[in-house]
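Everything below belongs to target-v1.cif, which stores mmCIF, C-alpha atoms.
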data_structure
loop_
_atom_site.label_atom_id
_atom_site.label_comp_id
_atom_site.auth_asym_id
_atom_site.auth_seq_id
_atom_site.Cartn_x
_atom_site.Cartn_y
_atom_site.Cartn_z
CA MET A 28 -9.72 12.96 16.68
CA THR A 29 -8.08 10.87 19.36
CA MET A 30 -11.14 8.76 19.96
CA SER A 31 -11.51 7.67 16.40
CA GLN A 32 -7.84 6.90 16.22
CA ILE A 33 -7.71 4.79 19.35
CA ALA A 34 -10.71 2.99 17.94
CA VAL A 35 -8.76 2.16 14.81
CA ASN A 36 -6.19 0.02 16.57
CA LYS A 37 -8.78 -2.00 18.39
CA LEU A 38 -10.94 -2.31 15.33
CA TYR A 39 -8.09 -3.54 13.16
CA GLN A 40 -7.04 -6.11 15.70
CA THR A 41 -10.60 -7.37 15.85
CA VAL A 42 -10.84 -7.56 12.09
CA VAL A 43 -7.52 -9.38 11.73
CA GLU A 44 -8.54 -11.96 14.32
CA ASP A 45 -11.99 -12.28 12.82
CA VAL A 46 -10.71 -12.82 9.29
CA ILE A 47 -8.07 -15.33 10.37
CA THR A 48 -10.63 -17.28 12.38
CA GLY A 49 -13.15 -17.03 9.58
CA VAL A 50 -10.92 -18.52 6.93
CA ARG A 51 -9.38 -21.28 9.01
CA ASP A 52 -11.80 -23.83 7.55
CA CYS A 53 -11.11 -22.66 4.03
CA PHE A 54 -7.42 -23.24 4.62
CA LEU A 55 -8.13 -26.70 6.02
CA ASP A 56 -10.35 -27.54 3.06
CA ASP A 57 -7.59 -26.50 0.71
CA GLY A 58 -5.10 -28.60 2.61
CA VAL A 59 -3.06 -25.57 3.50
CA ASP A 60 -1.08 -25.80 6.68
CA GLU A 61 -2.09 -23.83 9.77
CA GLN A 62 1.42 -22.47 9.70
CA VAL A 63 0.61 -20.57 6.52
CA LEU A 64 -2.45 -19.06 8.13
CA GLN A 65 -0.30 -17.85 11.00
CA GLU A 66 2.16 -16.47 8.50
CA LEU A 67 -0.61 -14.57 6.78
CA LYS A 68 -1.64 -13.09 10.10
CA GLN A 69 1.91 -12.12 10.92
CA LEU A 70 2.54 -10.57 7.52
CA TRP A 71 -0.68 -8.61 7.70
CA LYS A 72 -0.02 -7.32 11.20
CA THR A 73 3.53 -6.41 10.33
CA LYS A 74 2.49 -4.49 7.25
CA LEU A 75 -0.29 -2.74 9.13
CA GLN A 76 2.13 -1.65 11.77
CA ALA A 77 4.71 -0.65 9.19
CA SER A 78 2.19 1.52 7.40
CA GLY A 79 2.28 3.86 10.37
CA ALA A 80 -1.41 4.51 9.90
CA THR A 81 -2.25 3.28 13.36
CA ASP A 82 0.61 4.89 15.22
CA PRO A 83 -0.53 6.93 18.15
CA PRO A 84 -0.39 10.61 17.29
CA HIS A 85 2.38 11.72 19.60
CA GLN A 86 4.86 8.91 19.59
CA GLU A 87 5.93 8.31 16.07
CA ALA A 88 8.07 5.24 15.86
CA PRO A 89 11.46 6.44 14.76
CA MET A 90 12.62 4.55 11.75
CA GLN A 91 16.06 4.28 10.30
CA PRO A 92 16.49 5.20 6.70
CA PRO A 93 17.79 2.59 4.33
CA VAL A 94 21.45 2.93 3.62
CA LEU A 95 22.23 2.63 -0.04
CA HIS A 96 25.60 2.12 -1.55
CA ASN A 97 26.97 1.84 -4.96
CA PHE A 98 28.25 -1.63 -5.09
CA PRO A 99 31.97 -1.18 -4.56
CA LYS A 100 32.74 -4.76 -3.69
CA THR A 101 30.83 -7.34 -1.79
CA ASN A 102 31.68 -5.75 1.45
CA GLY A 103 29.13 -4.52 3.91
CA ASN A 104 31.63 -3.29 6.43
CA ASN A 105 31.71 0.24 5.20
CA THR A 106 28.06 0.62 6.08
CA VAL A 107 27.50 2.36 9.33
CA PRO A 108 23.87 2.18 10.29
CA LYS A 109 22.51 5.16 12.06
CA ARG A 110 21.02 4.91 15.46
CA PRO A 111 17.26 4.63 15.37
CA ASP A 112 16.70 7.67 17.53
CA LEU A 113 18.54 9.90 15.12
CA ALA A 114 16.25 9.26 12.24
CA GLN A 115 12.66 10.18 11.72
CA GLN A 116 10.51 8.09 9.50
CA SER A 117 9.04 11.08 7.80
CA SER A 118 12.38 12.33 6.67
CA SER A 119 13.95 9.03 5.87
CA GLN A 120 14.51 9.92 2.25
CA GLN A 121 16.29 13.15 2.81
CA ASN A 122 18.15 12.16 5.87
CA SER A 123 21.48 13.79 6.23
CA GLY A 124 24.68 11.88 5.98
CA VAL A 125 23.19 8.85 4.33
CA GLU A 126 24.70 7.87 1.07
CA HIS A 127 21.99 7.04 -1.44
CA GLY A 128 22.65 5.66 -4.86
CA GLY A 129 25.58 7.90 -5.45
CA PRO A 130 26.46 10.18 -8.29
CA PRO A 131 26.44 8.65 -11.72
CA SER A 132 30.04 9.64 -12.25
CA SER A 133 31.31 7.15 -9.72
CA ILE A 134 29.44 4.39 -11.48
CA GLY A 135 31.00 5.49 -14.69
CA GLY A 136 34.37 4.77 -13.24
CA ALA A 137 33.53 1.35 -12.01
CA HIS A 138 31.22 0.04 -14.72
CA PRO A 139 31.47 2.25 -17.78
CA HIS A 140 29.32 -0.02 -19.91
CA HIS A 141 26.42 0.23 -17.51
CA VAL A 142 26.02 3.89 -18.12
CA LEU A 143 25.93 3.52 -21.86
CA ASP A 144 22.78 1.46 -21.82
CA PRO A 145 20.22 2.81 -19.39
CA ASN A 146 18.48 -0.54 -19.27
CA ASN A 147 21.50 -2.37 -18.01
CA LYS A 148 21.16 -3.58 -14.49
CA VAL A 149 23.53 -2.22 -11.94
CA PRO A 150 23.99 -4.08 -8.70
CA VAL A 151 23.39 -1.84 -5.76
CA GLN A 152 24.11 -2.84 -2.24
CA LEU A 153 21.43 -1.98 0.20
CA THR A 154 21.67 -2.23 3.94
CA LEU A 155 18.62 -2.60 6.08
CA PRO A 156 19.27 -1.28 9.54
CA ALA A 157 18.86 -3.44 12.59
CA GLN A 158 15.29 -3.58 13.77
CA PRO A 159 14.70 -1.15 16.55
CA GLY A 160 13.59 -2.88 19.68
CA VAL A 161 14.51 -6.35 18.51
CA PRO A 162 17.37 -7.70 20.54
CA GLY A 163 20.13 -9.35 18.58
CA SER A 164 18.95 -7.97 15.28
CA GLN A 165 21.74 -7.11 12.91
CA PRO A 166 21.96 -4.71 10.02
CA ARG A 167 21.67 -6.79 6.89
CA SER A 168 23.11 -6.14 3.49
CA PHE A 169 22.01 -7.53 0.21
CA THR A 170 22.31 -6.72 -3.42
CA ILE A 171 19.54 -5.70 -5.71
CA GLN A 172 19.60 -5.07 -9.43
CA ILE A 173 18.52 -1.71 -10.68
CA PRO A 174 18.42 -0.33 -14.20
CA ALA A 175 21.26 2.12 -14.64
CA SER A 176 18.76 4.74 -15.68
CA ALA A 177 17.18 4.59 -12.25
CA LEU A 178 20.34 5.83 -10.65
CA ASN A 179 19.81 9.17 -12.29
CA GLY A 180 17.25 11.59 -11.07
CA ASN A 181 16.87 10.07 -7.65
CA LYS A 182 14.38 7.50 -8.82
CA LEU A 183 15.47 5.16 -6.10
CA HIS A 184 14.55 7.73 -3.52
CA GLN A 185 11.05 7.86 -4.87
CA VAL A 186 10.75 4.12 -4.96
CA LEU A 187 12.31 3.11 -1.67
CA THR A 188 9.97 4.87 0.65
CA GLY A 189 9.60 4.37 4.36
CA PRO A 190 6.66 1.98 4.23
CA ILE A 191 8.34 -0.53 1.95
CA ILE A 192 11.41 -0.52 4.13
CA ASN A 193 9.23 -0.96 7.15
CA ALA A 194 7.47 -3.84 5.50
CA THR A 195 10.66 -5.67 4.66
CA ILE A 196 12.68 -4.97 7.72
CA SER A 197 11.28 -7.80 9.77
CA LEU A 198 11.28 -10.40 7.01
CA PRO A 199 13.92 -13.07 6.62
CA GLN A 200 16.76 -11.94 4.44
CA PRO A 201 15.99 -13.82 1.19
CA LEU A 202 12.35 -12.79 1.42
CA ALA A 203 13.26 -9.19 2.11
CA ALA A 204 15.69 -9.07 -0.79
CA THR A 205 13.19 -10.54 -3.19
CA LEU A 206 10.43 -8.29 -2.01
CA LEU A 207 12.56 -5.19 -2.41
CA GLN A 208 13.70 -6.30 -5.82
CA GLN A 209 10.12 -6.85 -6.90
CA HIS A 210 9.05 -3.57 -5.49
CA ILE A 211 11.77 -1.75 -7.37
CA ASN A 212 11.16 -3.65 -10.59
CA SER A 213 7.47 -2.99 -10.57
CA ALA A 214 7.77 0.61 -9.45
CA LEU A 215 10.28 1.36 -12.16
CA ALA A 216 8.23 -0.51 -14.71
CA GLY A 217 5.30 1.63 -13.66
CA GLN A 218 7.28 4.79 -14.22
CA GLN A 219 8.33 3.51 -17.59
CA ASN A 220 4.68 3.00 -18.48
CA ASP A 221 3.98 6.55 -17.55
CA PHE A 222 6.59 7.75 -19.96
CA ASP A 223 5.15 5.58 -22.66
CA GLY A 224 1.81 7.19 -22.13
CA GLY A 225 0.40 4.33 -20.07
CA GLY A 226 -2.25 2.99 -22.34
CA GLY A 227 -4.51 0.04 -21.92
CA GLY A 228 -6.65 1.66 -19.30
CA ARG A 229 -4.50 0.22 -16.64
CA SER A 230 -3.08 3.24 -14.99
CA GLY A 231 -0.04 1.50 -13.61
CA ALA A 232 1.21 -1.68 -12.14
CA ALA A 233 0.46 -2.19 -8.52
CA PRO A 234 3.63 -2.96 -6.65
CA PHE A 235 2.18 -6.30 -5.75
CA SER A 236 -0.18 -7.96 -8.07
CA LEU A 237 -2.28 -10.98 -7.40
CA ASP A 238 -2.73 -11.70 -11.05
CA GLY A 239 0.92 -12.44 -11.50
CA ALA A 240 1.36 -9.93 -14.27
CA LEU A 241 4.63 -8.91 -12.76
CA ASP A 242 5.79 -12.46 -12.45
CA SER A 243 9.41 -12.06 -11.71
CA SER A 244 10.37 -15.66 -11.46
CA ASP A 245 10.80 -16.26 -15.13
CA ASP A 246 14.05 -16.37 -16.98
CA GLU A 247 17.19 -16.11 -14.99
CA GLY A 248 19.47 -14.42 -17.39
CA SER A 249 23.07 -13.85 -16.62
CA ASN A 250 23.61 -11.25 -14.02
CA VAL A 251 25.16 -8.12 -15.27
CA GLY A 252 28.03 -7.03 -13.16
CA ASP A 253 29.32 -8.80 -10.14
CA GLY A 254 26.12 -9.00 -8.14
CA SER A 255 26.00 -12.77 -8.42
CA GLU A 256 28.39 -13.14 -5.54
CA ASP A 257 25.51 -12.52 -3.24
CA GLY A 258 23.32 -15.52 -3.97
CA ALA A 259 20.72 -14.68 -1.37
CA GLY A 260 18.32 -12.39 -3.11
CA ASP A 261 19.03 -13.14 -6.69
CA ASP A 262 17.11 -16.28 -7.42
CA ASP A 263 13.93 -14.64 -8.52
CA GLU A 264 15.54 -11.86 -10.28
CA ASP A 265 14.09 -10.62 -13.47
CA ASP A 266 16.44 -9.46 -16.13
CA ASP A 267 13.87 -8.17 -18.52
CA SER A 268 14.18 -4.58 -19.42
CA PRO A 269 11.33 -2.40 -18.15
CA GLU A 270 9.96 -2.10 -21.66
CA GLU A 271 9.84 -5.82 -22.17
CA ARG A 272 8.09 -6.21 -18.91
CA ALA A 273 5.60 -3.57 -19.80
CA GLU A 274 4.90 -5.42 -23.02
CA GLU A 275 4.38 -8.66 -21.21
CA GLU A 276 1.90 -6.93 -19.00
CA GLU A 277 0.05 -5.65 -21.97
CA GLU A 278 -0.10 -9.10 -23.40
CA GLU A 279 -1.42 -10.56 -20.19
CA GLN A 280 -4.05 -7.91 -20.14
CA ASN A 281 -5.15 -8.70 -23.64
CA GLU A 282 -5.31 -12.36 -22.87
CA SER A 283 -7.49 -11.83 -19.87
CA GLY A 284 -10.07 -10.36 -22.14
CA GLY A 285 -11.13 -7.41 -20.03
CA ALA A 286 -14.82 -8.20 -20.01
CA GLU A 287 -14.50 -11.33 -17.96
CA GLU A 288 -14.12 -11.17 -14.27
CA GLU A 289 -10.80 -9.55 -13.61
CA PRO A 290 -8.33 -11.32 -11.41
CA LEU A 291 -7.79 -9.87 -8.00
CA ASN A 292 -6.16 -6.53 -7.66
CA SER A 293 -5.80 -6.29 -11.39
CA GLY A 294 -6.20 -2.61 -11.76
CA ASP A 295 -9.82 -2.08 -10.83
CA ASP A 296 -8.96 -2.47 -7.20
CA VAL A 297 -6.14 -0.03 -7.30
CA SER A 298 -8.40 2.30 -9.22
CA ASP A 299 -6.82 5.49 -10.37
CA GLU A 300 -3.92 5.50 -8.01
CA GLU A 301 -0.48 5.62 -9.49
CA PRO A 302 1.83 2.85 -8.39
CA GLY A 303 3.87 5.18 -6.25
CA ASP A 304 0.80 6.68 -4.67
CA MET A 305 -0.03 3.53 -2.86
CA PHE A 306 2.17 4.65 -0.02
CA ASP A 307 1.58 8.31 -0.39
CA THR A 308 -0.37 10.39 2.03
CA ASP A 309 -3.45 10.87 -0.02
CA ASN A 310 -6.39 11.88 2.11
CA VAL A 311 -9.15 9.42 1.42
CA VAL A 312 -12.41 8.63 3.16
CA VAL A 313 -14.06 5.33 2.33
CA CYS A 314 -17.55 5.09 3.73
CA GLN A 315 -21.30 4.72 3.07
CA TYR A 316 -23.84 7.45 2.68
CA ASP A 317 -27.13 7.76 4.48
CA LYS A 318 -28.13 10.84 2.60
CA ILE A 319 -26.64 13.42 0.28
CA THR A 320 -28.59 16.63 -0.21
CA ARG A 321 -28.10 19.69 -2.31
CA SER A 322 -29.84 23.01 -2.32
CA ARG A 323 -28.50 25.37 -4.95
CA ASN A 324 -24.77 25.07 -4.48
CA LYS A 325 -24.93 23.99 -0.84
CA TRP A 326 -24.30 20.32 -0.24
CA LYS A 327 -24.81 18.28 2.90
CA PHE A 328 -23.30 14.90 3.51
CA TYR A 329 -24.57 12.30 5.95
CA LEU A 330 -21.99 9.55 6.04
CA LYS A 331 -21.50 6.44 8.12
CA ASP A 332 -19.20 3.48 8.69
CA GLY A 333 -16.13 5.25 7.42
CA ILE A 334 -12.42 4.65 7.36
CA MET A 335 -10.38 7.78 6.77
CA ASN A 336 -6.74 8.14 5.96
CA LEU A 337 -5.69 11.69 6.72
CA ALA A 338 -2.04 12.64 6.42
CA GLY A 339 -1.05 9.01 6.64
CA LYS A 340 -3.07 8.24 9.76
CA ASP A 341 -6.21 6.16 9.89
CA TYR A 342 -9.42 7.14 11.63
CA VAL A 343 -12.80 5.46 11.76
CA PHE A 344 -16.23 6.89 12.35
CA GLN A 345 -19.73 5.64 12.85
CA LYS A 346 -21.25 8.86 11.61
CA ALA A 347 -19.81 11.89 9.93
CA ASN A 348 -21.93 14.81 8.82
CA GLY A 349 -20.56 17.64 6.81
CA ASP A 350 -21.28 20.41 4.39
CA ALA A 351 -19.65 22.20 1.52
CA GLU A 352 -20.39 24.65 -1.24
CA TRP A 353 -19.82 23.85 -4.83
CA MET B 2 -24.00 -8.55 1.04
CA SER B 3 -20.80 -6.82 2.05
CA TYR B 4 -19.20 -3.93 0.27
CA GLN B 5 -15.76 -4.45 -1.17
CA LEU B 6 -14.80 -0.81 -1.04
CA TYR B 7 -12.95 -1.18 2.25
CA ARG B 8 -10.33 -3.24 0.45
CA ASN B 9 -8.92 0.05 -0.70
CA THR B 10 -7.87 1.12 2.78
CA THR B 11 -4.75 0.57 4.82
CA ILE B 12 -6.06 -2.61 6.38
CA GLY B 13 -7.41 -3.88 3.07
CA ASN B 14 -4.32 -3.07 1.06
CA THR B 15 -1.97 -4.63 3.58
CA LEU B 16 -4.05 -7.80 3.53
CA GLN B 17 -3.89 -7.92 -0.25
CA GLU B 18 -0.15 -7.40 -0.21
CA SER B 19 0.23 -10.22 2.29
CA LEU B 20 -1.88 -12.52 0.15
CA ASP B 21 0.13 -11.58 -2.93
CA GLU B 22 3.29 -12.63 -1.19
CA LEU B 23 1.90 -15.96 -0.11
CA ILE B 24 0.71 -16.58 -3.66
CA GLN B 25 4.07 -15.64 -5.08
CA TYR B 26 5.75 -18.11 -2.80
CA GLY B 27 3.30 -20.77 -3.79
CA GLN B 28 1.87 -21.14 -0.32
CA ILE B 29 -1.74 -20.42 -1.21
CA THR B 30 -3.77 -20.38 -4.39
CA PRO B 31 -5.37 -17.24 -5.82
CA ALA B 32 -8.74 -18.89 -5.20
CA LEU B 33 -8.01 -19.16 -1.51
CA ALA B 34 -6.92 -15.53 -1.49
CA VAL B 35 -10.30 -14.58 -2.93
CA LYS B 36 -12.00 -16.39 -0.07
CA VAL B 37 -9.88 -14.51 2.42
CA LEU B 38 -10.83 -11.20 0.81
CA LEU B 39 -14.51 -12.08 0.90
CA GLN B 40 -14.18 -12.90 4.58
CA PHE B 41 -12.43 -9.58 5.04
CA ASP B 42 -15.35 -7.78 3.38
CA LYS B 43 -17.72 -9.45 5.79
CA SER B 44 -15.58 -8.79 8.85
CA ILE B 45 -14.82 -5.15 8.13
CA ASN B 46 -18.41 -4.30 7.27
CA GLN B 47 -19.62 -5.92 10.46
CA ALA B 48 -16.93 -4.39 12.61
CA LEU B 49 -17.61 -0.89 11.29
CA SER B 50 -21.32 -1.08 11.84
CA ASN B 51 -21.18 -2.77 15.25
CA ARG B 52 -18.02 -1.64 16.96
CA VAL B 53 -17.37 1.92 15.94
CA LYS B 54 -19.04 4.61 17.99
CA SER B 55 -17.17 7.78 17.12
CA ARG B 56 -19.05 10.62 15.49
CA LEU B 57 -17.60 13.57 13.74
CA THR B 58 -18.49 16.53 11.64
CA PHE B 59 -16.66 18.21 8.84
CA LYS B 60 -16.83 21.42 6.95
CA ALA B 61 -15.26 21.91 3.56
CA GLY B 62 -14.20 25.21 2.05
CA LYS B 63 -15.17 23.95 -1.33
CA LEU B 64 -16.73 21.00 -3.03
CA ASN B 65 -14.42 20.71 -5.97
CA THR B 66 -15.86 17.76 -7.83
CA TYR B 67 -18.75 15.39 -7.38
CA ARG B 68 -19.72 12.28 -9.22
CA PHE B 69 -22.55 9.83 -8.85
CA CYS B 70 -22.13 6.59 -10.70
CA ASP B 71 -23.48 3.10 -10.04
CA ASN B 72 -24.90 4.32 -6.75
CA VAL B 73 -21.47 5.42 -5.59
CA TRP B 74 -20.77 9.02 -4.70
CA THR B 75 -17.29 10.41 -5.13
CA PHE B 76 -16.43 13.86 -3.82
CA MET B 77 -13.27 15.88 -3.95
CA LEU B 78 -13.29 18.44 -1.17
CA ASN B 79 -10.86 21.25 -0.53
CA ASP B 80 -9.87 22.84 2.77
CA VAL B 81 -11.65 20.40 4.98
CA GLU B 82 -11.89 20.63 8.72
CA PHE B 83 -12.81 17.44 10.55
CA ARG B 84 -14.03 17.86 14.07
CA GLU B 85 -14.56 15.36 16.84
CA VAL B 86 -15.83 17.14 19.90
CA GLN B 87 -13.00 19.56 20.66
CA GLU B 88 -10.41 18.14 18.37
CA VAL B 89 -9.82 19.32 14.87
CA ALA B 90 -7.92 17.94 11.92
CA LYS B 91 -7.44 20.02 8.81
CA VAL B 92 -6.48 18.85 5.35
CA ASP B 93 -6.10 20.66 2.04
CA LYS B 94 -7.78 18.02 0.00
CA VAL B 95 -9.78 14.92 0.64
CA LYS B 96 -11.42 12.36 -1.55
CA ILE B 97 -14.60 10.74 -0.28
CA VAL B 98 -15.87 7.53 -1.80
CA ALA B 99 -19.25 6.47 -0.47
CA CYS B 100 -21.45 3.49 -1.25
CA ASP B 101 -25.15 3.45 -0.59
CA GLY B 102 -25.67 2.99 3.14
CA LYS B 103 -29.04 1.36 2.57
CA ASN B 104 -28.05 -2.18 1.85
CA VAL B 105 -30.29 -4.30 -0.31
CA ASP B 106 -31.14 -6.34 2.76
CA ASP B 107 -32.19 -3.33 4.80
CA ARG B 108 -34.60 -2.07 2.23
CA ARG B 109 -36.84 -5.08 2.41
#
Output the file's structure as structure tokens, nothing else.
Amino acid sequence: MTMSQIAVNKLYQTVVEDVITGVRDCFLDDGVDEQVLQELKQLWKTKLQASGATDPPHQEAPMQPPVLHNFPKTNGNNTVPKRPDLAQQSSSQQNSGVEHGGPPSSIGGAHPHHVLDPNNKVPVQLTLPAQPGVPGSQPRSFTIQIPASALNGNKLHQVLTGPIINATISLPQPLAATLLQQHINSALAGQQNDFDGGGGGRSGAAPFSLDGALDSSDDEGSNVGDGSEDGAGDDDEDDDSPEERAEEEEEEQNESGGAEEEPLNSGDDVSDEEPGDMFDTDNVVVCQYDKITRSRNKWKFYLKDGIMNLAGKDYVFQKANGDAEW
Amino acid sequence: MSYQLYRNTTIGNTLQESLDELIQYGQITPALAVKVLLQFDKSINQALSNRVKSRLTFKAGKLNTYRFCDNVWTFMLNDVEFREVQEVAKVDKVKIVACDGKNVDDRR
């Protein structure tokens, strides 16, 4: 499979260049600065790389796990980032010696009222490790707001997966903080929807939504707890409870009327994938068929122009023929 | 005519995430993002049909589910072995989504 994987890198680079070149005039027509176009290219490339899907098979880029702390005080000094070579991306969630979230009991001591209401936001300090291979890069700490309920049951572990950390690690601090906050908000809101039985045909909120359903820049309520000391990431923070947010989403959905053309990425694009699954290693082949035949229970598939994601790695093929029995 | 199904891949999803961010920061409009996605559809369709040369075969232990709707086939296969010359990749489960390879243009 090496061939098809080497091809992926080249292909993606070509496509990125091609798209950026192809839309340059559109940007000009819209009066959007060339700088923004370059930013789009950079973001895209960074995210592609962070996805790990194009990593060569035998040299996985080691990735530091995020270091999570209960917010003791605004003090990042007690955070000792691990060396990059000690951590493997694949095991970043379970990595030994890293303090995630912390037991609920310790929160109880510090902020008893937070525990009483699971929807209360608890400030959690999060430290992104220094970027491997970037000289002069420093570990960075910032504070994000998380519903107290999320501290139970390791929800944070499920939400803060390697890819999202990878995606934020190279961003400027305010951007990274906001992005993480949004990711957590939407992921937790998505889980909440699941508990409510979902509904509305929309199987879950995509972590990033072009239609603005998860608009997080609305009301800036008072910050619960002492997280406000860290102004950096808090501007866009959304103090709605997950339920309220879910309701707002529902409303937006109703307003959009369903039958009309849906805004981008509004659920039909993300199809039946759960919000968390976006980064999961689901094996998917997206392609075109030349011919599909069946004789009794024996099927044959003649496929072309495919992109496969197998165990988190991408492959491409011009032709793929296969068979199976039903 | 370019298929939009490749938006639901790593390269497509990362582009959409990037566009989302730029929209959220007010740097581009959703309309411009749509144009970018349409250009992506064009570019990825072209690139796949012109630049990719690899061929592979696969054999599935079981075709679990199949569906044909709006000219799109969806298959869920179990115990699949992909093979490219000597190399083999095995997965427990794979989902295949396939659009009609005979584009409207080609049929004329």
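Here atom CA of B:Thr30 and atom CA of A:Ile334 stand 29.0 Å from one another.
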So what do you get for atom CA of B:Thr11 versus atom CA of A:Lys318, distance-wise?
->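 Between these atoms lies a distance of 25.6 Å.
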The residue from A:Gln315, A:Thr73, A:Ser78, A:Asn324 with the smallest atom-to-atom distance to chain B, counting all atoms listed in the file, is A:Gln315
Report the distance between atom CA of A:Lys325 and atom CA of B:Glu88 in Å, rounded to one decimal place.
->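 So the answer is 24.8 Å.
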What does the PyMOL selection byres ((chain A) within 6 of (chain B)) select in this file, as a list in words?
->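 Checking the PyMOL selection byres ((chain A) within 6 of (chain B)) against this file, the residues are Met28, Ser31, Val42, Val46, Leu70, Trp71, Lys74, Leu237, Asn310, Val311, Val312, Val313, Cys314, Gln315, Tyr316, Asp317, Asp332, Phe344, Gln345, Lys346, Ala347, Asn348, Gly349, Asp350, Ala351, Glu352 and Trp353 of chain A.
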